[in-house]
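Structure file start17.cif with mmCIF, C-alpha atoms:
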data_entry
#
loop_
_atom_site.label_atom_id
_atom_site.label_comp_id
_atom_site.auth_asym_id
_atom_site.auth_seq_id
_atom_site.Cartn_x
_atom_site.Cartn_y
_atom_site.Cartn_z
CA MET B 542 -2.54 -31.98 4.57
CA SER B 543 0.12 -30.57 6.86
CA TYR B 544 3.29 -28.62 6.40
CA ASP B 545 6.23 -29.37 8.66
CA GLY B 546 8.99 -27.34 7.00
CA ALA B 547 10.17 -24.11 8.54
CA PRO B 548 10.56 -21.10 6.23
CA ALA B 549 13.91 -19.39 5.86
CA ALA B 550 14.44 -16.45 8.20
CA GLY B 551 12.28 -13.48 7.17
CA VAL B 552 10.47 -15.45 4.45
CA GLY B 553 6.96 -16.84 4.55
CA GLN B 554 5.99 -15.28 7.85
CA PHE B 555 2.28 -15.50 8.55
CA ALA B 556 2.37 -12.03 10.02
CA GLY B 557 2.06 -8.56 8.58
CA ARG B 558 0.82 -5.01 8.89
CA HIS B 559 -2.21 -3.74 7.00
CA VAL B 560 -2.38 0.03 6.65
CA LEU B 561 -5.80 1.49 5.89
CA ALA B 562 -5.79 5.22 5.23
CA GLU B 563 -7.99 8.06 4.06
CA PHE B 564 -6.38 11.25 2.78
CA GLY B 565 -8.23 14.51 2.13
CA GLY B 566 -7.57 18.06 1.07
CA ILE B 567 -5.68 16.94 -2.04
CA ASP B 568 -5.53 18.87 -5.32
CA PRO B 569 -8.27 17.21 -7.44
CA SER B 570 -6.13 17.33 -10.58
CA LEU B 571 -3.55 15.05 -8.90
CA LEU B 572 -6.26 12.58 -7.97
CA ASP B 573 -7.34 12.29 -11.60
CA ASP B 574 -3.82 11.92 -13.03
CA LEU B 575 -3.29 8.20 -13.61
CA GLY B 576 0.38 8.52 -14.60
CA PHE B 577 1.24 10.66 -11.59
CA LEU B 578 -0.55 8.31 -9.19
CA ARG B 579 1.14 5.18 -10.61
CA THR B 580 4.58 6.78 -10.39
CA THR B 581 3.91 8.20 -6.92
CA LEU B 582 2.63 4.89 -5.52
CA GLU B 583 5.55 2.98 -7.04
CA GLY B 584 8.01 5.50 -5.58
CA ALA B 585 6.43 5.34 -2.11
CA LEU B 586 6.47 1.55 -2.10
CA THR B 587 10.08 1.41 -3.28
CA ALA B 588 11.13 3.95 -0.63
CA ALA B 589 9.49 1.70 1.98
CA GLY B 590 11.44 -1.37 0.85
CA ALA B 591 8.60 -3.18 -0.92
CA THR B 592 9.22 -5.34 -4.00
CA ILE B 593 6.82 -4.44 -6.83
CA CYS B 594 5.84 -7.33 -9.09
CA ASP B 595 3.21 -5.59 -11.22
CA VAL B 596 1.01 -2.50 -11.29
CA VAL B 597 -2.37 -2.15 -12.97
CA SER B 598 -4.49 0.97 -13.11
CA LYS B 599 -7.76 2.33 -14.42
CA ARG B 600 -9.04 5.86 -14.94
CA PHE B 601 -12.80 6.18 -14.65
CA GLU B 602 -15.18 8.56 -16.42
CA PRO B 603 -15.95 11.23 -15.61
CA GLN B 604 -13.23 11.11 -12.93
CA GLY B 605 -11.34 8.94 -10.47
CA VAL B 606 -8.45 6.50 -10.59
CA THR B 607 -7.71 3.09 -9.12
CA VAL B 608 -4.14 1.81 -8.93
CA LEU B 609 -3.31 -1.70 -7.70
CA ALA B 610 0.23 -2.89 -6.97
CA LEU B 611 1.05 -6.57 -6.59
CA LEU B 612 3.96 -6.87 -4.17
CA SER B 613 6.17 -9.78 -3.25
CA GLU B 614 5.10 -8.87 0.29
CA SER B 615 1.36 -8.67 -0.65
CA HIS B 616 -0.45 -5.67 -2.20
CA ALA B 617 -1.25 -1.94 -2.24
CA SER B 618 -4.16 0.02 -3.71
CA ILE B 619 -5.33 3.58 -4.24
CA HIS B 620 -8.91 4.63 -5.00
CA THR B 621 -9.41 8.36 -5.68
CA TYR B 622 -12.37 10.73 -5.48
CA PRO B 623 -11.24 13.95 -7.21
CA GLU B 624 -14.67 15.52 -6.83
CA ILE B 625 -14.08 15.77 -3.07
CA GLY B 626 -10.25 15.89 -3.03
CA ALA B 627 -9.96 12.56 -1.21
CA MET B 628 -8.67 9.02 -1.60
CA PHE B 629 -8.51 5.64 0.10
CA LEU B 630 -5.21 3.79 0.52
CA ASP B 631 -4.69 0.12 1.40
CA ILE B 632 -1.22 -1.40 1.90
CA PHE B 633 -0.64 -4.89 3.27
CA THR B 634 2.86 -6.29 3.70
CA CYS B 635 3.88 -9.61 5.20
CA GLY B 636 7.14 -10.05 7.06
CA ASP B 637 9.63 -7.37 8.01
CA THR B 638 11.20 -6.33 4.71
CA ALA B 639 8.77 -3.51 3.86
CA ASP B 640 7.35 -0.69 5.99
CA PRO B 641 3.72 0.03 4.98
CA GLU B 642 3.45 2.99 7.38
CA LEU B 643 6.43 4.63 5.70
CA ALA B 644 4.89 4.04 2.26
CA ALA B 645 1.66 5.70 3.43
CA ALA B 646 3.55 8.69 4.88
CA VAL B 647 5.58 9.18 1.69
CA LEU B 648 2.40 9.03 -0.41
CA ARG B 649 0.59 11.46 1.91
CA ASP B 650 3.44 13.94 1.67
CA ARG B 651 3.86 13.66 -2.12
CA LEU B 652 0.14 14.26 -2.59
CA GLY B 653 0.17 17.21 -0.18
CA ALA B 654 -2.78 15.83 1.78
CA ALA B 655 -4.16 18.34 4.27
CA HIS B 656 -5.90 15.60 6.30
CA ALA B 657 -4.99 11.98 6.96
CA ARG B 658 -6.53 9.19 8.96
CA VAL B 659 -4.23 6.16 9.11
CA ASN B 660 -4.88 2.88 10.91
CA THR B 661 -2.59 -0.13 11.09
CA VAL B 662 -3.96 -3.62 11.70
CA HIS B 663 -1.49 -6.28 12.83
CA ARG B 664 -2.46 -9.51 11.11
CA GLY B 665 -1.51 -13.16 11.53
CA HIS B 666 1.08 -14.40 13.96
CA ARG B 667 4.77 -15.06 13.92
CA MET B 668 5.72 -18.69 13.35
CA GLU B 669 8.26 -19.86 15.89
CA SER B 670 10.83 -22.21 14.46
CA ALA B 671 11.09 -25.58 16.14
CA ALA B 672 14.00 -25.82 18.56
#
Could you express the structure from this file as structure tokens?
Amino acid sequence: MSYDGAPAAGVGQFAGRHVLAEFGGIDPSLLDDLGFLRTTLEGALTAAGATICDVVSKRFEPQGVTVLALLSESHASIHTYPEIGAMFLDIFTCGDTADPELAAAVLRDRLGAAHARVNTVHRGHRMESAA
């Protein structure tokens, strides 16, 4: 099966940025607050221009939270470790409409992380339209 149609400008690009981050030195109570983390992730993604389709979350016993956001551009996730004041962050966006690095920076700042390690992986390739 082949596909010969060209996507509209800015839509359906097989290219994106995948931000993988680790934040530390965060107040453990914030990392165990499911409502705060959902709201904070949603706010960071919106500030970065992402389109949120759905958000699911889970608080674990005795501690820890996972929040997953389904985006029109792809996805984002948080996994927290309150016992050590740390968390993992994963944001992948396709195309140019959202800025995953900005979302990560907003989240880092709102959480007051003392330490951050952020890596961006450029994925896919840009499709050139036929001339």
* To do: Compare B:Ala617, B:Val662, B:Val608, B:Leu586 by their minimum atom-to-atom distance to Leu648 of chain B, counting only C-alpha atoms, and give me the closest one.
  => B:Leu586
* To do: Measure the distance from atom CA of Val596 of chain B to atom CA of Leu582 of chain B in Å and round it to one decimal.
  => 9.5 Å
* Near Ala591 of chain B, within 9 Å and counting all atoms listed in the file, which residues show up once chain neighbours fewer than 3 positions away are dropped, as number ranges by chain? -> B: 585-588, 612-614, 634, 638-641, 644
* Asked: Smallest atom-to-atom distance to Asn660 of chain B: which of B:Ala556, B:Asp637, B:Thr592, B:Glu563, using all atoms listed in the file?
  ->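 Ranking B:Ala556, B:Asp637, B:Thr592, B:Glu563 by distance to Asn660 of chain B, first place goes to B:Glu563.
Near His559 of chain B, within a cut-off of 6 Å and counting only C-alpha atoms, sit the residues B:Ile632, B:Phe633, B:Thr661, B:Val662, with same-chain residues fewer than 6 positions away left out.
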With C-alpha atoms retained, export the selected residues as a short mmCIF file (atom, residue, chain, number, x, y, z; two decimals), keeping the file's coordinate frame.
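What landed in again_10.cif:
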data_model
loop_
_atom_site.label_atom_id
_atom_site.label_comp_id
_atom_site.auth_asym_id
_atom_site.auth_seq_id
_atom_site.Cartn_x
_atom_site.Cartn_y
_atom_site.Cartn_z
CA ILE B 632 -1.22 -1.40 1.90
CA PHE B 633 -0.64 -4.89 3.27
CA THR B 661 -2.59 -0.13 11.09
CA VAL B 662 -3.96 -3.62 11.70
#
* Residues returned when the PyMOL selection byres ((chain B and resi 628) around 7) runs on this file, as an MDAnalysis selection string -> chainID B and resid 563:565 619:622 627 629:630
Restrict the selected residues to C-alpha atoms and save them as a PDB file, in the frame of the given file.
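See out.pdb below for the written result:
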ATOM      1  CA  GLU B 563      -7.990   8.060   4.060  1.00  0.00           C
ATOM      2  CA  PHE B 564      -6.380  11.250   2.780  1.00  0.00           C
ATOM      3  CA  GLY B 565      -8.230  14.510   2.130  1.00  0.00           C
ATOM      4  CA  ILE B 619      -5.330   3.580  -4.240  1.00  0.00           C
ATOM      5  CA  HIS B 620      -8.910   4.630  -5.000  1.00  0.00           C
ATOM      6  CA  THR B 621      -9.410   8.360  -5.680  1.00  0.00           C
ATOM      7  CA  TYR B 622     -12.370  10.730  -5.480  1.00  0.00           C
ATOM      8  CA  ALA B 627      -9.960  12.560  -1.210  1.00  0.00           C
ATOM      9  CA  PHE B 629      -8.510   5.640   0.100  1.00  0.00           C
ATOM     10  CA  LEU B 630      -5.210   3.790   0.520  1.00  0.00           C
TER      11      LEU B 630
END
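With all atoms listed in the file taken into account, the protein and nucleic acid residues at most 12 Å from Pro603 of chain B (excluding it and anything under 5 positions from it in its own chain) are Asp573, Tyr622, Pro623 and Glu624 of chain B.
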Where is the centre and how long are the edges: axis-aligned box on segment 581-592 of chain B, 3 Å on each side, Å to one decimal, as AutoDock Vina command-line options:
--center_x 7.0 --center_y 1.4 --center_z -2.5 --size_x 14.8 --size_y 19.5 --size_z 15.0
* Asked: Near Ile567 of chain B, counting only C-alpha atoms, which residues have an atom at most 9 Å away, once you skip same-chain residues fewer than 4 positions from it, shown as number ranges by chain?
  -> B: 571-572, 623, 625-628, 652-656
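With distances restricted to only C-alpha atoms, B:His616 is the closest residue to Arg558 of chain B from B:Arg649, B:Lys599, B:Arg579, B:His616.
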* Nearest-residue call for Ser570 of chain B, choices B:Val597, B:Leu611, B:Val606, B:Leu643, using all atoms listed in the file ->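 With all atoms listed in the file as the atom set, the closest residue is B:Val606.
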* Structure fact -> atom CA of Leu578 of chain B sits from atom CA of Gly557 of chain B at a separation of 24.6 Å
* To do: Can you work out the spacing between atom CA of Gly636 of chain B and atom CA of Arg651 of chain B in Å, to one decimal?
  =>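 Separating atom CA of Gly636 of chain B from atom CA of Arg651 of chain B is a distance of 25.6 Å.
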* Asked: Using all atoms listed in the file, which of B:Asp595, B:Asp574, B:Ala562, B:Cys635 sits nearest Ala657 of chain B?
  ->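 Going through B:Asp595, B:Asp574, B:Ala562, B:Cys635 one by one, the smallest distance to Ala657 of chain B is for B:Ala562.
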